[in-house]
Amino acid sequence: MGFVPVTEMLREALKGQYAIGHFDIHNIEWTQAVLCGAEEMNSPVILGVTEDAVNYFQGYSVVKNTALSLMQELNITVPVALHLDHGSSVESCIAAIDAGFSSVMIDASTLPLEENIKITKQVVEYAHVLDVSVEAEIGSIGGEEGSVISEGPVYTDLNECIEIKNNTNIDTLAPALGSAHGLYKGKPKIDFEKMRDISSSLKIPLVLHGASGLSERQIQEAIQSGTAKINVNADNHVAFTKAIRKVLDEDSELYNTMDYLKDGKEAVKQTVIEKIKMFGSSGKAK
Ligand SMILES: [Zn+2]
């Protein structure tokens with residue numbers, strides 16, 4: 001079984017009022033953890049890979065082959081999408097697609113709307129021929145994502161969302177509505193009303209970035225307001241690092257890397273399971 005685009009799983013999620021988790025992966029341990037967590041919950045899942053993670057893995061094909069081999073060895077049966085997170089250029093989206101990614105995000109959100117539309121359209125034209133789904137971003141999601149640091153949040157304008165959707169034929173949109181990447185400083189304020197307006201005008205699944213640290217109530221309200229894809233990264237970093245720090249603190253003699261990485265891996269898997277339960281996607285794999 002290979003990777004699937006996100007289109008179908010998100011359409012189903014939007015209809016069924018739940019969301020699919022997008023979990024960033026950075027190494028083989030996280031990839032195993034996300035795949036095993038999703039399989040255990042019988043949930044479709046999206047493996048998210050930033051350009052920084054691609055570099056860390058040492059290339060798009062390494063990411064793709066690692067994930068694909070693990071899916072075979074682990075007998076993964078749930079639908080899995082391999083998605084480029086925050087692709088910064090048409091070239092990097094094409095590189096991901098050519099390597100076998102089934103979904104890409106083109107993030108031209110820092111550019112003026114016209115430019116964003118132009119670049120996003122180029123990616124859609126290349127991707128759709130190959131049955132690859134495309135996510136665009138509009139406005140500015142605050143915080144830090146790898147080397148991408150933005151001030152934000154700059155709340156998205158509804159008319160701009162309509163314009164980008166009508167001019168590009170994107171499959172999903174990430175409108176900046178107050179969420180931020182990384183760990184929140186202070187309480188995040190999400191504009192759910194605008195989220196509902198965008199959802200009912202665009203009629204495509206919306207994406208929520210920076211879900212780590214949002215309350216369960218906020219997550220549920222996002223889902224009720226048209227969000228069908230929720231990106232999780234920081235919570236997994238915290239769980240992984242905390243578990244490893246604990247085992248190393250407890251045993252200063254420990255030196256075998258597998259003996260502490262397995263604890264980190266298990267912590268990520270448990271976090272993934274918790275999120276899948278919260279998003280309501282367990283049991284939704286066909
Ligand atoms: Zn993001």
# chains A, B, ... in the order shown; residues from 1 in each chain; ligands from 1
$ residues_around --residues "Tyr184 of chain A" --least-positions-apart "3" --cutoff "12 Å" --atoms "only C-alpha atoms" --output "ChimeraX atom specification"
/A:142-144,153,178-181,187-189,210-215,234-235
$ residues_near_ligand --ligand "ligand 1" --cutoff "12 Å" --atoms "only C-alpha atoms and all ligand atoms" --output "VMD selection string"
chain A and resid 22 to 24 48 to 51 83 to 88 105 to 107 109 135 to 138 140 to 150 173 to 176 179 to 182 207 to 212 229 to 234
$ write_last_selection --atoms "N, CA and C atoms" --output "compact mmCIF listing (two decimals), in the first residue's frame"
# COMPACT_ATOMS: atom_id res chain seq x y z
N HIS A 22 -2.32 15.61 11.46
CA HIS A 22 -1.09 15.74 10.65
C HIS A 22 0.02 15.79 11.69
N PHE A 23 0.86 14.78 11.68
CA PHE A 23 1.94 14.73 12.67
C PHE A 23 3.27 14.87 11.96
N ASP A 24 4.02 15.88 12.34
CA ASP A 24 5.34 16.05 11.73
C ASP A 24 6.25 14.90 12.13
N GLY A 48 3.66 14.59 8.23
CA GLY A 48 4.07 15.92 7.77
C GLY A 48 5.59 16.03 7.82
N VAL A 49 6.15 16.63 6.77
CA VAL A 49 7.61 16.79 6.72
C VAL A 49 7.94 18.21 6.30
N THR A 50 8.61 18.96 7.17
CA THR A 50 9.04 20.31 6.80
C THR A 50 10.31 20.21 5.96
N GLU A 51 10.70 21.31 5.33
CA GLU A 51 11.94 21.30 4.55
C GLU A 51 13.14 21.06 5.47
N HIS A 83 3.12 14.24 3.33
CA HIS A 83 2.80 15.64 3.01
C HIS A 83 3.98 16.57 3.28
N LEU A 84 4.31 17.39 2.31
CA LEU A 84 5.33 18.43 2.53
C LEU A 84 4.67 19.58 3.28
N ASP A 85 5.19 19.89 4.46
CA ASP A 85 4.64 20.93 5.32
C ASP A 85 5.38 22.25 5.05
N HIS A 86 4.65 23.31 4.77
CA HIS A 86 5.26 24.63 4.53
C HIS A 86 6.31 24.64 3.43
N GLY A 87 5.98 24.04 2.28
CA GLY A 87 6.89 24.15 1.13
C GLY A 87 7.10 25.61 0.79
N SER A 88 8.35 26.03 0.65
CA SER A 88 8.63 27.46 0.51
C SER A 88 8.72 27.91 -0.94
N MET A 105 2.12 21.27 0.76
CA MET A 105 1.63 22.60 1.12
C MET A 105 2.56 23.60 0.47
N ILE A 106 2.00 24.56 -0.24
CA ILE A 106 2.82 25.66 -0.74
C ILE A 106 2.52 26.86 0.16
N ASP A 107 3.53 27.34 0.83
CA ASP A 107 3.35 28.45 1.76
C ASP A 107 3.97 29.71 1.17
N SER A 109 2.55 32.57 1.86
CA SER A 109 1.69 33.49 2.61
C SER A 109 2.37 34.81 2.97
N GLU A 135 -2.25 22.15 -0.37
CA GLU A 135 -2.73 23.05 0.69
C GLU A 135 -2.03 24.39 0.50
N ALA A 136 -2.78 25.48 0.68
CA ALA A 136 -2.18 26.81 0.61
C ALA A 136 -2.36 27.49 1.97
N GLU A 137 -1.58 28.53 2.20
CA GLU A 137 -1.74 29.30 3.44
C GLU A 137 -2.02 30.75 3.09
N ILE A 138 -2.82 31.37 3.94
CA ILE A 138 -3.10 32.78 3.73
C ILE A 138 -3.12 33.47 5.09
N SER A 140 -0.87 35.11 8.25
CA SER A 140 0.39 34.67 8.84
C SER A 140 0.14 33.95 10.15
N ILE A 141 0.47 32.64 10.15
CA ILE A 141 0.36 31.86 11.37
C ILE A 141 1.60 32.19 12.18
N GLY A 142 1.40 32.60 13.42
CA GLY A 142 2.54 33.08 14.20
C GLY A 142 3.45 31.96 14.68
N GLY A 143 4.52 32.36 15.34
CA GLY A 143 5.41 31.40 15.99
C GLY A 143 6.50 30.88 15.11
N GLU A 144 7.05 29.74 15.52
CA GLU A 144 8.26 29.21 14.92
C GLU A 144 8.02 27.82 14.37
N GLU A 145 8.41 27.60 13.12
CA GLU A 145 8.30 26.27 12.53
C GLU A 145 9.63 26.00 11.87
N GLY A 146 10.48 25.22 12.54
CA GLY A 146 11.83 25.00 12.03
C GLY A 146 12.53 26.34 11.92
N SER A 147 13.01 26.66 10.73
CA SER A 147 13.70 27.94 10.58
C SER A 147 12.74 29.05 10.16
N VAL A 148 11.45 28.69 10.00
CA VAL A 148 10.45 29.69 9.62
C VAL A 148 9.92 30.38 10.87
N ILE A 149 10.25 31.64 11.03
CA ILE A 149 9.77 32.37 12.20
C ILE A 149 8.93 33.55 11.72
N SER A 150 7.70 33.63 12.21
CA SER A 150 6.88 34.77 11.82
C SER A 150 6.32 35.45 13.05
N LEU A 173 -7.12 24.73 2.67
CA LEU A 173 -6.55 26.05 2.98
C LEU A 173 -6.28 26.17 4.47
N ALA A 174 -5.11 26.74 4.78
CA ALA A 174 -4.77 27.06 6.17
C ALA A 174 -4.89 28.56 6.36
N PRO A 175 -6.03 29.03 6.85
CA PRO A 175 -6.17 30.47 7.09
C PRO A 175 -5.61 30.80 8.48
N ALA A 176 -4.84 31.86 8.58
CA ALA A 176 -4.32 32.27 9.89
C ALA A 176 -5.45 32.93 10.67
N SER A 179 -3.93 31.02 15.59
CA SER A 179 -3.10 29.94 16.14
C SER A 179 -1.64 30.24 15.82
N ALA A 180 -0.74 29.59 16.56
CA ALA A 180 0.70 29.83 16.35
C ALA A 180 1.46 28.52 16.47
N HIS A 181 2.59 28.45 15.78
CA HIS A 181 3.44 27.28 15.88
C HIS A 181 4.21 27.29 17.20
N GLY A 182 4.69 26.13 17.60
CA GLY A 182 5.51 26.04 18.80
C GLY A 182 4.67 26.11 20.05
N VAL A 207 -7.48 23.83 7.43
CA VAL A 207 -6.37 23.24 8.17
C VAL A 207 -6.02 24.15 9.35
N LEU A 208 -5.82 23.53 10.49
CA LEU A 208 -5.42 24.28 11.69
C LEU A 208 -3.97 23.95 12.01
N HIS A 209 -3.11 24.95 11.87
CA HIS A 209 -1.70 24.79 12.25
C HIS A 209 -1.54 25.23 13.70
N GLY A 210 -0.51 24.72 14.35
CA GLY A 210 -0.22 25.17 15.71
C GLY A 210 -1.26 24.72 16.71
N ALA A 211 -1.65 23.44 16.62
CA ALA A 211 -2.70 22.94 17.52
C ALA A 211 -2.17 22.55 18.89
N SER A 212 -0.85 22.40 19.01
CA SER A 212 -0.29 22.05 20.32
C SER A 212 -0.61 23.16 21.30
N LYS A 229 -8.24 19.10 9.14
CA LYS A 229 -6.83 18.66 9.26
C LYS A 229 -6.19 19.47 10.36
N ILE A 230 -5.62 18.78 11.33
CA ILE A 230 -5.02 19.48 12.46
C ILE A 230 -3.55 19.09 12.58
N ASN A 231 -2.68 20.10 12.53
CA ASN A 231 -1.24 19.86 12.57
C ASN A 231 -0.71 19.87 14.00
N VAL A 232 0.01 18.80 14.33
CA VAL A 232 0.59 18.67 15.67
C VAL A 232 2.09 18.46 15.54
N ASN A 233 2.85 19.24 16.27
CA ASN A 233 4.30 19.06 16.26
C ASN A 233 4.90 19.29 17.65
N ALA A 234 4.67 20.48 18.21
CA ALA A 234 5.33 20.84 19.47
C ALA A 234 5.00 19.85 20.60
$ atom_distance --atom1 "atom CA of Ala38 of chain A" --atom2 "atom CA of Ile223 of chain A"
19.0 Å
$ select_by_dssp --residues "segment 143-283 of chain A" --states "helix (DSSP H, G or I)" --output "VMD selection string"
chain A and resid 158 to 168 192 to 202 216 to 224 234 to 250 257 to 279
$ closest_atom_pairs --of "segment 113-226 of chain A" --to "segment 92-100 of chain A" --cutoff "9 Å" --atoms "only C-alpha atoms" --output "JSON lines"
{"residue": "A:Val123", "atom": "CA", "partner": "A:Cys93", "partner_atom": "CA", "distance": 6.9}
{"residue": "A:Tyr126", "atom": "CA", "partner": "A:Ile94", "partner_atom": "CA", "distance": 7.5}
{"residue": "A:Ala127", "atom": "CA", "partner": "A:Ile97", "partner_atom": "CA", "distance": 7.1}
{"residue": "A:Leu130", "atom": "CA", "partner": "A:Ile97", "partner_atom": "CA", "distance": 8.3}
{"residue": "A:Val132", "atom": "CA", "partner": "A:Ile97", "partner_atom": "CA", "distance": 7.3}
$ closest_residue --among "A:Val247, A:Leu206, A:Ala228, A:Ile76" --to "Gly37 of chain A" --atoms "only C-alpha atoms"
A:Ile76
$ atom_distance --atom1 "atom CA of Ala19 of chain A" --atom2 "atom CA of Asn42 of chain A"
13.7 Å
$ select_by_dssp --residues "segment 61-190 of chain A" --states "strand (DSSP E or B)" --output "PyMOL selection string"
chain A and resi 80-87+103-106+133-138+140+142-145+148-150+154+172-175+180-181
$ closest_atom_pairs --of "segment 16-115 of chain A" --to "segment 257-273 of chain A" --cutoff "6 Å" --atoms "only C-alpha atoms" --output "Markdown table"
| residue | atom | partner | partner_atom | distance |
| --- | --- | --- | --- | --- |
| A:Glu29 | CA | A:Lys265 | CA | 5.5 |
| A:Ala33 | CA | A:Lys269 | CA | 4.5 |
| A:Val34 | CA | A:Lys269 | CA | 5.9 |
| A:Gly37 | CA | A:Lys269 | CA | 5.1 |
$ closest_residue --among "A:Leu202, A:Val129, A:Val134, A:Ile20" --to "Glu163 of chain A" --atoms "only C-alpha atoms"
A:Leu202
$ atom_distance --atom1 "atom CA of Ser200 of chain A" --atom2 "atom CA of Ile219 of chain A"
18.3 Å
$ closest_residue --among "A:Leu35, A:Leu254, A:Leu10, A:Leu68" --to "Gly226 of chain A" --atoms "only C-alpha atoms"
A:Leu10
$ closest_residue --among "A:Lys165, A:Arg217, A:Leu47, A:Gly16" --to "Thr66 of chain A" --atoms "only C-alpha atoms"
A:Leu47
$ residues_around --residues "Asp131 of chain A" --least-positions-apart "6" --cutoff "10 Å" --atoms "only C-alpha atoms" --output "list in words"
Val4, Pro5, Thr7, Ile97, Ser102, Ser103 and Val124 of chain A
